[in-house]
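Shown below: coords.csv, with CSV, C-alpha atoms and all ligand atoms.
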```
chain,number,residue,atom,x,y,z
A,123,MET,CA,0.0,0.0,0.0
A,124,LEU,CA,2.9,2.4,0.9
A,125,GLU,CA,4.4,1.7,-2.5
A,126,ASN,CA,1.1,2.5,-4.1
A,127,GLN,CA,0.7,5.7,-2.2
A,128,VAL,CA,4.1,6.9,-3.2
A,129,SER,CA,3.0,6.5,-6.9
A,130,VAL,CA,0.4,9.3,-6.5
A,131,LYS,CA,1.6,12.9,-6.9
A,132,ALA,CA,1.1,14.9,-3.7
A,133,ARG,CA,-0.5,17.8,-5.5
A,134,ALA,CA,-2.9,15.5,-7.3
A,135,LEU,CA,-4.0,14.0,-4.0
A,136,VAL,CA,-4.5,17.5,-2.4
A,137,VAL,CA,-6.5,18.7,-5.5
A,138,GLY,CA,-8.5,15.5,-5.6
A,139,MET,CA,-9.4,15.7,-1.9
A,140,ALA,CA,-10.2,19.4,-2.2
A,141,THR,CA,-12.9,18.6,-4.9
A,142,TYR,CA,-15.0,17.1,-2.1
A,143,ILE,CA,-15.3,20.5,-0.5
A,144,PRO,CA,-18.6,22.0,-1.7
A,145,GLY,CA,-18.1,24.6,-4.4
A,146,LEU,CA,-14.5,23.5,-5.3
A,147,GLN,CA,-15.4,20.8,-7.9
A,148,GLY,CA,-15.8,23.5,-10.6
A,149,LEU,CA,-12.2,24.5,-10.2
A,150,THR,CA,-11.2,21.4,-12.2
A,151,GLY,CA,-11.8,20.7,-15.9
A,152,ARG,CA,-12.2,24.3,-17.0
A,153,LYS,CA,-10.3,23.7,-20.2
A,154,THR,CA,-9.9,20.5,-22.2
A,155,GLY,CA,-6.7,20.4,-24.2
A,156,GLY,CA,-5.8,21.0,-27.7
A,157,THR,CA,-8.9,22.1,-29.8
A,158,ILE,CA,-8.3,25.7,-28.8
A,159,SER,CA,-5.7,25.6,-31.7
A,160,ALA,CA,-6.7,25.3,-35.4
A,161,ARG,CA,-3.4,23.7,-36.3
A,162,TYR,CA,-4.1,21.0,-33.6
A,163,CYS,CA,-7.6,20.3,-35.0
A,164,TYR,CA,-6.2,20.2,-38.5
A,165,SER,CA,-3.5,17.8,-37.5
A,166,VAL,CA,-5.9,15.5,-35.5
A,167,TRP,CA,-8.5,15.3,-38.3
A,168,LEU,CA,-5.9,14.6,-41.0
A,169,ARG,CA,-4.2,12.0,-38.9
A,170,HIS,CA,-7.5,10.1,-38.4
A,171,LEU,CA,-8.3,10.5,-42.1
A,172,SER,CA,-4.8,9.3,-43.2
A,173,MET,CA,-5.0,6.3,-41.0
A,174,LEU,CA,-8.5,5.4,-42.3
A,175,HIS,CA,-7.0,5.5,-45.8
A,176,ARG,CA,-4.1,3.3,-44.7
A,177,SER,CA,-6.6,0.8,-43.2
A,178,ALA,CA,-8.5,0.7,-46.5
A,179,LEU,CA,-11.5,2.1,-44.8
A,180,PRO,CA,-13.8,4.8,-46.3
A,181,THR,CA,-12.6,8.4,-46.3
A,182,THR,CA,-15.8,10.1,-47.4
A,183,PHE,CA,-18.6,10.5,-45.0
A,184,ALA,CA,-22.1,11.9,-45.2
A,185,ARG,CA,-22.7,12.0,-41.4
A,186,MET,CA,-20.1,12.1,-38.6
A,187,VAL,CA,-20.4,12.2,-34.8
A,188,GLU,CA,-17.6,13.4,-32.7
A,189,LEU,CA,-17.5,12.5,-29.0
A,190,GLY,CA,-15.8,15.0,-26.7
A,191,PRO,CA,-14.8,17.9,-29.0
A,192,GLY,CA,-13.7,20.0,-26.1
A,193,ASP,CA,-12.8,23.7,-26.3
A,194,SER,CA,-13.9,24.1,-29.9
A,195,LEU,CA,-15.6,22.1,-32.7
A,196,GLY,CA,-12.4,22.5,-34.8
A,197,ILE,CA,-11.9,18.7,-35.5
A,198,GLY,CA,-15.5,18.5,-36.8
A,199,LEU,CA,-15.0,21.8,-38.7
A,200,ALA,CA,-11.9,20.4,-40.4
A,201,ALA,CA,-14.0,17.4,-41.4
A,202,LEU,CA,-16.8,19.6,-42.8
A,203,LEU,CA,-14.3,21.5,-44.8
A,204,SER,CA,-12.9,18.2,-46.1
A,205,GLY,CA,-16.4,17.3,-47.5
A,206,VAL,CA,-18.2,15.6,-44.6
A,207,GLU,CA,-21.8,16.7,-45.1
A,208,ARG,CA,-23.1,16.8,-41.5
A,209,TYR,CA,-21.3,16.9,-38.2
A,210,VAL,CA,-22.7,16.4,-34.7
A,211,GLY,CA,-20.5,17.2,-31.7
A,212,LEU,CA,-21.5,15.5,-28.4
A,213,ASP,CA,-19.8,16.6,-25.2
A,214,ALA,CA,-20.4,16.0,-21.6
A,215,VAL,CA,-19.8,19.8,-20.9
A,216,ARG,CA,-20.4,22.7,-23.2
A,217,TYR,CA,-16.9,24.0,-23.8
A,218,ALA,CA,-17.0,25.3,-27.4
A,219,ASP,CA,-18.2,28.8,-28.2
A,220,ASP,CA,-19.2,30.5,-31.5
A,221,THR,CA,-16.4,33.1,-31.4
A,222,ARG,CA,-13.7,30.5,-31.0
A,223,ASN,CA,-15.3,28.3,-33.6
A,224,LEU,CA,-15.5,31.2,-36.1
A,225,ARG,CA,-11.8,32.1,-35.6
A,226,ILE,CA,-10.8,28.4,-36.0
A,227,VAL,CA,-12.8,27.8,-39.2
A,228,ASP,CA,-11.1,30.7,-40.9
A,229,GLU,CA,-7.7,29.3,-40.0
A,230,LEU,CA,-8.7,25.9,-41.2
A,231,ILE,CA,-9.9,27.2,-44.5
A,232,ALA,CA,-6.5,28.8,-45.0
A,233,LEU,CA,-4.7,25.6,-44.1
A,234,LEU,CA,-6.7,23.5,-46.4
A,235,SER,CA,-6.6,26.0,-49.3
A,236,ASP,CA,-2.8,26.1,-48.9
A,237,ARG,CA,-2.7,22.2,-48.8
A,238,ALA,CA,-0.5,22.7,-45.6
A,239,SER,CA,1.4,19.7,-44.5
A,240,ILE,CA,0.1,17.9,-41.3
A,241,PRO,CA,1.6,19.5,-38.1
A,242,ASP,CA,3.9,16.8,-36.9
A,243,GLU,CA,5.7,15.5,-33.8
A,244,ASP,CA,8.0,18.6,-33.7
A,245,GLU,CA,5.0,20.9,-33.2
A,246,PHE,CA,2.8,18.5,-31.2
A,247,PRO,CA,5.1,15.9,-29.6
A,248,LEU,CA,2.3,14.4,-27.4
A,249,VAL,CA,-0.4,14.0,-30.1
A,250,ARG,CA,-1.1,10.5,-31.4
A,251,PRO,CA,-1.3,8.7,-33.7
A,252,LEU,CA,2.0,9.2,-35.3
A,253,LEU,CA,2.1,9.1,-39.1
A,254,PRO,CA,4.8,7.7,-41.4
A,255,SER,CA,4.4,10.9,-43.5
A,256,TYR,CA,3.0,14.3,-42.7
A,257,ALA,CA,2.7,15.5,-46.3
A,258,PHE,CA,-0.7,16.9,-47.2
A,259,PRO,CA,-2.8,13.8,-48.2
A,260,ALA,CA,-3.6,15.0,-51.7
A,261,ASP,CA,-4.6,11.5,-52.8
A,262,ILE,CA,-7.5,11.6,-50.3
A,263,LEU,CA,-8.3,15.3,-50.4
A,264,THR,CA,-8.1,15.8,-54.1
A,265,SER,CA,-8.5,19.2,-55.8
A,266,ALA,CA,-11.9,18.0,-57.1
A,267,ARG,CA,-13.1,17.1,-53.6
A,268,LEU,CA,-11.8,20.3,-52.0
A,269,ASP,CA,-13.2,22.6,-54.8
A,270,VAL,CA,-16.7,21.3,-53.8
A,271,ALA,CA,-16.1,21.3,-50.0
A,272,LEU,CA,-14.6,24.8,-50.0
A,273,HIS,CA,-17.0,26.4,-52.4
A,274,PRO,CA,-17.8,30.0,-51.2
A,275,LYS,CA,-21.5,29.2,-50.9
A,276,ARG,CA,-20.8,26.2,-48.7
A,277,LEU,CA,-18.4,28.2,-46.5
A,278,GLU,CA,-21.2,30.7,-46.0
A,279,LEU,CA,-23.5,27.9,-44.9
A,280,ILE,CA,-20.9,26.5,-42.5
A,281,ARG,CA,-20.2,29.9,-40.9
A,282,ALA,CA,-24.0,30.5,-40.5
A,283,ALA,CA,-24.3,27.1,-38.8
A,284,ILE,CA,-21.4,27.9,-36.4
A,285,SER,CA,-23.2,31.1,-35.3
A,286,ASN,CA,-26.4,29.2,-34.8
A,287,PRO,CA,-25.7,25.5,-34.3
A,288,ALA,CA,-28.6,23.0,-34.1
A,289,THR,CA,-29.0,21.6,-30.7
A,290,SER,CA,-30.6,18.3,-31.8
A,291,ALA,CA,-29.1,15.7,-34.2
A,292,ARG,CA,-32.1,16.0,-36.5
A,293,GLY,CA,-31.4,19.7,-37.5
A,294,GLY,CA,-31.2,20.3,-41.2
A,295,GLY,CA,-27.9,22.3,-41.3
A,296,PRO,CA,-24.4,21.0,-41.5
A,297,LEU,CA,-23.6,21.3,-37.8
A,298,SER,CA,-25.2,20.2,-34.4
A,299,TYR,CA,-23.6,20.7,-31.0
A,300,ILE,CA,-25.3,18.8,-28.1
A,301,ALA,CA,-23.7,19.3,-24.7
A,302,PRO,CA,-24.5,17.8,-22.4
A,303,TRP,CA,-25.8,14.9,-24.4
A,304,GLU,CA,-27.7,11.7,-23.4
A,305,PRO,CA,-28.0,8.3,-24.9
A,306,GLY,CA,-30.8,8.2,-27.5
A,307,VAL,CA,-29.9,11.6,-29.1
A,308,ILE,CA,-28.7,9.9,-32.3
A,309,GLU,CA,-31.0,7.7,-34.4
A,310,SER,CA,-30.0,4.1,-35.1
A,311,GLY,CA,-28.1,3.3,-38.3
A,312,THR,CA,-27.7,6.9,-39.4
A,313,VAL,CA,-23.9,7.6,-38.9
A,314,ASP,CA,-21.0,6.9,-41.2
A,315,LEU,CA,-18.2,7.9,-38.9
A,316,VAL,CA,-17.9,8.1,-35.1
A,317,LEU,CA,-14.6,9.8,-34.0
A,318,SER,CA,-13.0,10.7,-30.7
A,319,GLN,CA,-9.7,12.1,-29.7
A,320,THR,CA,-8.6,11.4,-26.1
A,321,MET,CA,-12.2,11.0,-24.8
A,322,LEU,CA,-12.9,7.3,-24.4
A,323,GLU,CA,-10.7,7.1,-21.3
A,324,PHE,CA,-13.4,9.0,-19.4
A,325,PRO,CA,-16.9,7.4,-19.7
A,326,PRO,CA,-17.5,5.3,-16.6
A,327,ASP,CA,-19.7,2.8,-18.4
A,328,LEU,CA,-17.6,1.9,-21.5
A,329,ALA,CA,-19.8,-1.1,-22.4
A,330,ALA,CA,-22.8,1.2,-22.7
A,331,MET,CA,-20.7,3.7,-24.6
A,332,TYR,CA,-19.6,1.2,-27.2
A,333,SER,CA,-23.0,-0.3,-27.6
A,334,GLU,CA,-24.5,3.2,-28.2
A,335,MET,CA,-21.8,4.0,-30.8
A,336,CYS,CA,-22.4,0.8,-32.6
A,337,ARG,CA,-26.1,1.4,-32.7
A,338,TRP,CA,-25.5,4.8,-34.3
A,339,LEU,CA,-23.4,3.4,-37.1
A,340,ARG,CA,-25.0,2.2,-40.4
A,341,PRO,CA,-23.7,-1.1,-41.7
A,342,GLY,CA,-20.3,-0.3,-43.3
A,343,GLY,CA,-19.9,2.7,-41.0
A,344,VAL,CA,-16.7,3.1,-39.1
A,345,MET,CA,-15.3,4.3,-35.8
A,346,SER,CA,-11.9,5.9,-35.2
A,347,HIS,CA,-10.7,6.5,-31.7
A,348,GLU,CA,-7.5,7.8,-30.3
A,349,ILE,CA,-7.4,6.7,-26.6
A,350,ASP,CA,-5.0,7.7,-23.9
A,351,PHE,CA,-4.4,5.1,-21.2
A,352,LYS,CA,-2.0,7.2,-19.1
A,353,SER,CA,-2.8,8.5,-15.7
A,354,ILE,CA,-3.2,12.1,-16.9
A,355,GLY,CA,-0.4,13.3,-14.6
A,356,LEU,CA,-2.0,12.1,-11.4
A,357,THR,CA,0.7,9.6,-10.6
A,358,VAL,CA,4.5,9.7,-10.8
A,359,GLU,CA,4.6,6.8,-13.3
A,360,TRP,CA,2.6,7.1,-16.5
A,361,ASN,CA,0.8,4.0,-15.6
A,362,GLY,CA,0.8,4.4,-11.8
A,363,HIS,CA,-3.0,4.6,-11.7
A,364,TRP,CA,-3.2,0.8,-12.1
A,365,SER,CA,-1.3,0.4,-8.8
A,366,CYS,CA,-3.8,2.5,-6.9
A,367,SER,CA,-6.5,0.8,-4.8
A,368,ASP,CA,-10.0,1.9,-5.4
A,369,ALA,CA,-10.0,3.7,-2.0
A,370,LEU,CA,-6.9,5.7,-2.9
A,371,TRP,CA,-8.1,6.4,-6.4
A,372,ARG,CA,-11.4,7.9,-5.0
A,373,LEU,CA,-9.2,10.4,-3.1
A,374,VAL,CA,-6.9,11.2,-6.0
A,375,ALA,CA,-9.6,11.5,-8.7
A,376,GLY,CA,-12.0,13.0,-6.2
A,377,ARG,CA,-15.0,14.7,-7.8
A,378,ARG,CA,-13.0,16.2,-10.6
A,379,ARG,CA,-15.2,17.1,-13.5
A,380,HIS,CA,-13.5,14.4,-15.7
A,381,ARG,CA,-12.3,11.3,-14.1
A,382,ILE,CA,-10.5,8.6,-16.1
A,383,ASN,CA,-12.1,5.1,-16.1
A,384,ARG,CA,-8.7,3.4,-15.9
A,385,GLU,CA,-9.7,0.8,-18.4
A,386,PRO,CA,-6.8,-0.7,-20.4
A,387,HIS,CA,-6.4,-1.2,-24.1
A,388,SER,CA,-7.7,-4.8,-24.1
A,389,THR,CA,-11.0,-3.7,-22.6
A,390,HIS,CA,-11.7,-1.4,-25.5
A,391,ILE,CA,-10.8,-4.1,-28.1
A,392,SER,CA,-13.0,-6.7,-26.4
A,393,LEU,CA,-16.0,-4.3,-26.1
A,394,ILE,CA,-15.7,-3.3,-29.8
A,395,GLN,CA,-15.8,-7.0,-30.7
A,396,ARG,CA,-18.6,-7.7,-28.2
A,397,VAL,CA,-20.9,-5.1,-29.9
A,398,GLY,CA,-20.3,-6.8,-33.3
A,399,CYS,CA,-17.8,-4.4,-34.9
A,400,ARG,CA,-14.5,-5.6,-36.5
A,401,VAL,CA,-11.2,-4.0,-35.5
A,402,VAL,CA,-9.3,-3.0,-38.6
A,403,CYS,CA,-6.6,-0.9,-37.2
A,404,ASP,CA,-5.0,-1.1,-33.7
A,405,GLU,CA,-2.0,1.2,-33.7
A,406,ARG,CA,-0.6,1.0,-30.1
A,407,THR,CA,1.9,3.5,-28.6
A,408,VAL,CA,4.2,1.3,-26.5
A,409,GLN,CA,6.0,2.7,-23.4
A,410,ARG,CA,8.0,0.8,-20.9
A,411,SER,CA,6.0,0.0,-17.8
A,412,HIS,CA,7.4,1.7,-14.7
A,413,ILE,CA,5.4,-0.5,-12.3
A,414,THR,CA,5.8,-4.2,-11.8
A,415,ARG,CA,3.0,-6.8,-11.9
A,416,ALA,CA,3.4,-7.1,-8.1
A,417,GLN,CA,2.4,-3.4,-7.7
A,418,LEU,CA,-0.9,-3.8,-9.6
A,419,ALA,CA,-4.0,-3.1,-7.5
A,420,PRO,CA,-6.2,-6.3,-7.2
A,421,ARG,CA,-8.7,-4.9,-9.7
A,422,PHE,CA,-6.0,-4.7,-12.3
A,423,ARG,CA,-4.2,-8.0,-11.8
A,424,HIS,CA,-5.8,-9.2,-15.0
A,425,LEU,CA,-4.0,-6.7,-17.2
A,426,THR,CA,-1.9,-8.3,-19.8
A,427,ASN,CA,1.8,-7.4,-20.2
A,428,GLU,CA,0.7,-5.7,-23.5
A,429,ASP,CA,-1.9,-3.6,-21.5
A,430,LEU,CA,0.8,-2.6,-19.0
A,431,ALA,CA,3.0,-1.1,-21.8
A,432,THR,CA,0.3,0.5,-24.0
A,433,SER,CA,0.1,4.2,-23.2
A,434,SER,CA,-2.3,5.1,-26.1
A,435,ALA,CA,-3.8,3.5,-29.2
A,436,LEU,CA,-5.6,4.5,-32.3
A,437,ILE,CA,-8.4,1.9,-32.8
A,438,GLN,CA,-10.4,1.9,-36.0
A,439,ALA,CA,-13.3,-0.5,-36.5
A,440,ILE,CA,-16.1,-1.2,-39.0
A,441,LYS,CA,-19.7,-2.3,-38.4
A,442,PRO,CA,-20.2,-5.2,-40.8
A,443,TYR,CA,-22.9,-5.1,-43.5
B,1,LIG,C1,-9.1,15.5,-22.9
B,1,LIG,S1,-10.5,16.3,-23.5
B,1,LIG,C2,-10.2,16.1,-25.3
B,1,LIG,C3,-10.8,17.2,-26.1
B,1,LIG,C4,-10.6,17.1,-27.5
B,1,LIG,N1,-11.1,15.9,-28.1
B,1,LIG,C5,-9.1,17.3,-27.8
B,1,LIG,O1,-8.6,16.5,-28.6
B,1,LIG,O2,-8.5,18.2,-27.3
B,1,LIG,C6,-11.8,15.1,-23.2
B,1,LIG,C7,-13.2,15.6,-23.7
B,1,LIG,O3,-14.1,14.5,-23.5
B,1,LIG,C8,-15.3,15.0,-23.0
B,1,LIG,N2,-16.0,13.9,-22.4
B,1,LIG,C9,-15.8,13.3,-21.2
B,1,LIG,N3,-16.7,12.3,-21.0
B,1,LIG,C10,-17.6,12.4,-22.0
B,1,LIG,C11,-18.8,11.7,-22.3
B,1,LIG,N4,-19.2,10.8,-21.6
B,1,LIG,N5,-19.4,12.1,-23.5
B,1,LIG,C12,-18.9,13.1,-24.3
B,1,LIG,N6,-17.8,13.7,-24.0
B,1,LIG,C13,-17.1,13.4,-22.9
B,1,LIG,C14,-14.8,16.1,-22.1
B,1,LIG,O4,-15.9,17.0,-21.8
B,1,LIG,C15,-13.8,16.8,-23.0
B,1,LIG,O5,-14.3,17.7,-23.9
```
As structure tokens - that is how I would like this structure written.
Amino acid sequence: MLENQVSVKARALVVGMATYIPGLQGLTGRKTGGTISARYCYSVWLRHLSMLHRSALPTTFARMVELGPGDSLGIGLAALLSGVERYVGLDAVRYADDTRNLRIVDELIALLSDRASIPDEDEFPLVRPLLPSYAFPADILTSARLDVALHPKRLELIRAAISNPATSARGGGPLSYIAPWEPGVIESGTVDLVLSQTMLEFPPDLAAMYSEMCRWLRPGGVMSHEIDFKSIGLTVEWNGHWSCSDALWRLVAGRRRHRINREPHSTHISLIQRVGCRVVCDERTVQRSHITRAQLAPRFRHLTNEDLATSSALIQAIKPY
């Protein structure tokens, strides 16, 4: 137990415990990460798109749902500007605002018009997945495709939708933003792509989450998720959260607005298979484990050696016809 406690950062423990004091919970989770930057959104979208292409999965989509867009809808806006017809952003908290989205869409239009290369590891060292090449994917986003997607009339429509986003998935325009969302907001079999970037480490009921996502997809529809399995800085070791007992973790995670579910890579793979989807791409980021098997909390003794060394993964899967 002492070993386990040492793994937790003192500051994380103090903050976690403070969140139990009435009124202090709101001090956590005020910002979400990268989507405040247009170049980050452009990079993330093009990484998912390039990896879909590498996996021989579709790269054109009528309807896309993003889970957890965060500070802006920039990843979805990059998708719309690449030809996706309709985008629905679902978040647990309403972080994005129109002013930021409008600034980001203009920067994205410039990046796509310039066929800018994909911002790489030098600019975003922590962003995954990594790509073998960061050249602009002109074979996917052809001039013909971009001419239609970036037509001035369409850009007008997208800007108008940003200023007045639909708040239900049934809205007629190109963009809906529903935050907070609830299961049932998306009709069955209507979605071509479900995408998330560092979001699936949060939902407490992952089985329900995957079954909901699979329900949304039409046959032949795909999901593309980049998932971070690290302890988001709460422990000294990147995977120290797997050494924490549930009691200790309750203190460290506290009532923070977003608490990681601590599920490892293998849980995600088996849940995807259980809901009937087929994993096509499983690109793991491997990092040496800094905890031993003996340090694992009882709840995590089942982790495989592969789980213990998987710090993130891009998982892409298809719903069979
Ligand atoms: C680490 S942030 C990532 C934000 C953004 N995708 C990015 O790449 O910067 C996690 C996001 O997931 C959202 N989130 C957490 N649980 C969620 C849930 N059950 N449904 C939808 N979004 C959720 C959070 O509100 C937050 O926006």
At most 6 Å is the cut-off: for each residue in chain A with any atom that close to an atom of ligand LIG 1 (chain B), write down the nearest atom pair and the distance in Å rounded to one decimal, counting all atoms listed in the file, chain first then increasing number, as a tab-separated table.
```
residue	atom	partner	partner_atom	distance
A:Thr154	CA	B:LIG1	S1	4.4
A:Gly155	CA	B:LIG1	O2	4.2
A:Gly156	CA	B:LIG1	O2	3.9
A:Thr157	CA	B:LIG1	O2	4.6
A:Leu189	CA	B:LIG1	C12	4.9
A:Gly190	CA	B:LIG1	N6	3.6
A:Pro191	CA	B:LIG1	N1	4.3
A:Gly192	CA	B:LIG1	O5	3.2
A:Leu212	CA	B:LIG1	C12	5.4
A:Asp213	CA	B:LIG1	N6	3.7
A:Ala214	CA	B:LIG1	N6	4.2
A:Val215	CA	B:LIG1	O4	4.9
A:Gln319	CA	B:LIG1	N1	4.4
A:Thr320	CA	B:LIG1	C2	5.0
A:Met321	CA	B:LIG1	O3	4.2
A:Phe324	CA	B:LIG1	N3	4.9
A:Pro325	CA	B:LIG1	N4	4.5
```
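CA of Leu233 in chain A lies 15.5 Å from CA of Pro274 in chain A.
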Using all atoms listed in the file, the best pick from A:Glu359, A:Glu188, A:Asp228, A:Glu348 as closest to Tyr209 in chain A would be A:Glu188
Non-local contacts of Ala431 in chain A (7 Å; all atoms listed in the file; under 4 positions in same chain excluded) as a compact mmCIF listing (two decimals) with C-alpha atoms, in the coordinates of the input:
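Okay, this is what ended up in result.txt:
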```txt
# COMPACT_ATOMS: atom_id res chain seq x y z
CA VAL A 408 4.20 1.30 -26.50
CA GLN A 409 6.00 2.70 -23.40
CA ARG A 410 8.00 0.80 -20.90
CA SER A 411 6.00 0.00 -17.80
CA ASN A 427 1.80 -7.40 -20.20
```
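The residue that comes closest to Arg250 in chain A, out of A:Leu297, A:Leu168, A:Leu199, A:Leu373 and on the basis of only C-alpha atoms, is A:Leu168.
Between CA of Trp360 in chain A and CA of Tyr164 in chain A there is a distance of 27.1 Å.
Taking CA of Asp429 in chain A and CA of Lys352 in chain A as the two end points, the separation is 11.1 Å.
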field: Top pick for closest residue to Tyr299 in chain A, considering A:Ala283, A:Val402, A:Ala435, A:Ala201 and counting all atoms listed in the file
entry: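 So, comparing all the options, the nearest one is A:Ala283.
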(Q) Using all atoms listed in the file, which protein or nucleic acid residues come within 10 Å of Arg340 in chain A? Drop anything in the same chain fewer than 5 positions from it, and give the result as an MDAnalysis selection string. (A) chainID A and resid 310:315 440:443
**Item:** Surrounding residues of Gly205 in chain A excluding itself and chain neighbours under 2 positions, 12 Å, only C-alpha atoms, as a VMD selection string
**Value:** chain A and resid 171 181 to 186 198 to 203 207 to 209 234 262 to 273 276 to 277 280 296
Restricted to C-alpha atoms, what would the selected residues look like written as a PDB file, in the frame of the given file?
```pdb
ATOM      1  CA  LEU A 171      -8.300  10.500 -42.100  1.00  0.00           C
ATOM      2  CA  THR A 181     -12.600   8.400 -46.300  1.00  0.00           C
ATOM      3  CA  THR A 182     -15.800  10.100 -47.400  1.00  0.00           C
ATOM      4  CA  PHE A 183     -18.600  10.500 -45.000  1.00  0.00           C
ATOM      5  CA  ALA A 184     -22.100  11.900 -45.200  1.00  0.00           C
ATOM      6  CA  ARG A 185     -22.700  12.000 -41.400  1.00  0.00           C
ATOM      7  CA  MET A 186     -20.100  12.100 -38.600  1.00  0.00           C
ATOM      8  CA  GLY A 198     -15.500  18.500 -36.800  1.00  0.00           C
ATOM      9  CA  LEU A 199     -15.000  21.800 -38.700  1.00  0.00           C
ATOM     10  CA  ALA A 200     -11.900  20.400 -40.400  1.00  0.00           C
ATOM     11  CA  ALA A 201     -14.000  17.400 -41.400  1.00  0.00           C
ATOM     12  CA  LEU A 202     -16.800  19.600 -42.800  1.00  0.00           C
ATOM     13  CA  LEU A 203     -14.300  21.500 -44.800  1.00  0.00           C
ATOM     14  CA  GLU A 207     -21.800  16.700 -45.100  1.00  0.00           C
ATOM     15  CA  ARG A 208     -23.100  16.800 -41.500  1.00  0.00           C
ATOM     16  CA  TYR A 209     -21.300  16.900 -38.200  1.00  0.00           C
ATOM     17  CA  LEU A 234      -6.700  23.500 -46.400  1.00  0.00           C
ATOM     18  CA  ILE A 262      -7.500  11.600 -50.300  1.00  0.00           C
ATOM     19  CA  LEU A 263      -8.300  15.300 -50.400  1.00  0.00           C
ATOM     20  CA  THR A 264      -8.100  15.800 -54.100  1.00  0.00           C
ATOM     21  CA  SER A 265      -8.500  19.200 -55.800  1.00  0.00           C
ATOM     22  CA  ALA A 266     -11.900  18.000 -57.100  1.00  0.00           C
ATOM     23  CA  ARG A 267     -13.100  17.100 -53.600  1.00  0.00           C
ATOM     24  CA  LEU A 268     -11.800  20.300 -52.000  1.00  0.00           C
ATOM     25  CA  ASP A 269     -13.200  22.600 -54.800  1.00  0.00           C
ATOM     26  CA  VAL A 270     -16.700  21.300 -53.800  1.00  0.00           C
ATOM     27  CA  ALA A 271     -16.100  21.300 -50.000  1.00  0.00           C
ATOM     28  CA  LEU A 272     -14.600  24.800 -50.000  1.00  0.00           C
ATOM     29  CA  HIS A 273     -17.000  26.400 -52.400  1.00  0.00           C
ATOM     30  CA  ARG A 276     -20.800  26.200 -48.700  1.00  0.00           C
ATOM     31  CA  LEU A 277     -18.400  28.200 -46.500  1.00  0.00           C
ATOM     32  CA  ILE A 280     -20.900  26.500 -42.500  1.00  0.00           C
ATOM     33  CA  PRO A 296     -24.400  21.000 -41.500  1.00  0.00           C
TER      34      PRO A 296
END
```
Env of Ser285 in chain A: 8 Å cut, atoms = only C-alpha atoms, seq-sep filter 3 positions within chain, self excluded. Answer as JSON, numbers by chain. {"A": [220, 224, 281, 282]}
Counting all atoms listed in the file, closest pick from A:Ala218, A:Ala178, A:Ile413, A:Leu230 relative to Gln438 in chain A is A:Ala178
Checklist line | Protein/DNA/RNA residues near (-8.2, -4.7, -32.5), cut 9 Å, all atoms listed in the file, as a list in words | finding: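 Applying the cut-off with all atoms listed in the file, one gets Ser388, His390, Ile391, Ser392, Ile394, Gln395, Arg400, Val401, Val402, Cys403, Asp404, Glu405, Ile437, Gln438 and Ala439 of chain A.
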File of the preceding selection, C-alpha atoms, as a PDB file, in the coordinates of the input:
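As a result, again22.pdb now contains:
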```pdb
ATOM      1  CA  SER A 388      -7.700  -4.800 -24.100  1.00  0.00           C
ATOM      2  CA  HIS A 390     -11.700  -1.400 -25.500  1.00  0.00           C
ATOM      3  CA  ILE A 391     -10.800  -4.100 -28.100  1.00  0.00           C
ATOM      4  CA  SER A 392     -13.000  -6.700 -26.400  1.00  0.00           C
ATOM      5  CA  ILE A 394     -15.700  -3.300 -29.800  1.00  0.00           C
ATOM      6  CA  GLN A 395     -15.800  -7.000 -30.700  1.00  0.00           C
ATOM      7  CA  ARG A 400     -14.500  -5.600 -36.500  1.00  0.00           C
ATOM      8  CA  VAL A 401     -11.200  -4.000 -35.500  1.00  0.00           C
ATOM      9  CA  VAL A 402      -9.300  -3.000 -38.600  1.00  0.00           C
ATOM     10  CA  CYS A 403      -6.600  -0.900 -37.200  1.00  0.00           C
ATOM     11  CA  ASP A 404      -5.000  -1.100 -33.700  1.00  0.00           C
ATOM     12  CA  GLU A 405      -2.000   1.200 -33.700  1.00  0.00           C
ATOM     13  CA  ILE A 437      -8.400   1.900 -32.800  1.00  0.00           C
ATOM     14  CA  GLN A 438     -10.400   1.900 -36.000  1.00  0.00           C
ATOM     15  CA  ALA A 439     -13.300  -0.500 -36.500  1.00  0.00           C
TER      16      ALA A 439
END
```
Polymer residues at most 10 Å from Tyr142 in chain A, only C-alpha atoms, same-chain spacing of 6 or more positions, as a list in words |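 In the requested form, the answer reads Leu373, Gly376, Arg377 and Arg378 of chain A.
When only C-alpha atoms are used to compute distances to Arg216 in chain A, the closest of the residues A:Val249, A:Val307, A:Val166, A:Ile300 turns out to be A:Ile300.
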- Message: Here's a test: counting all atoms listed in the file, identify every protein, DNA and RNA residue with an atom at most 12 Å from (4.1, 8.7, -41.4) in the file's coordinate frame, and state them as a ChimeraX atom specification.
- Response: /A:168-169,172-173,176,239-243,250-259
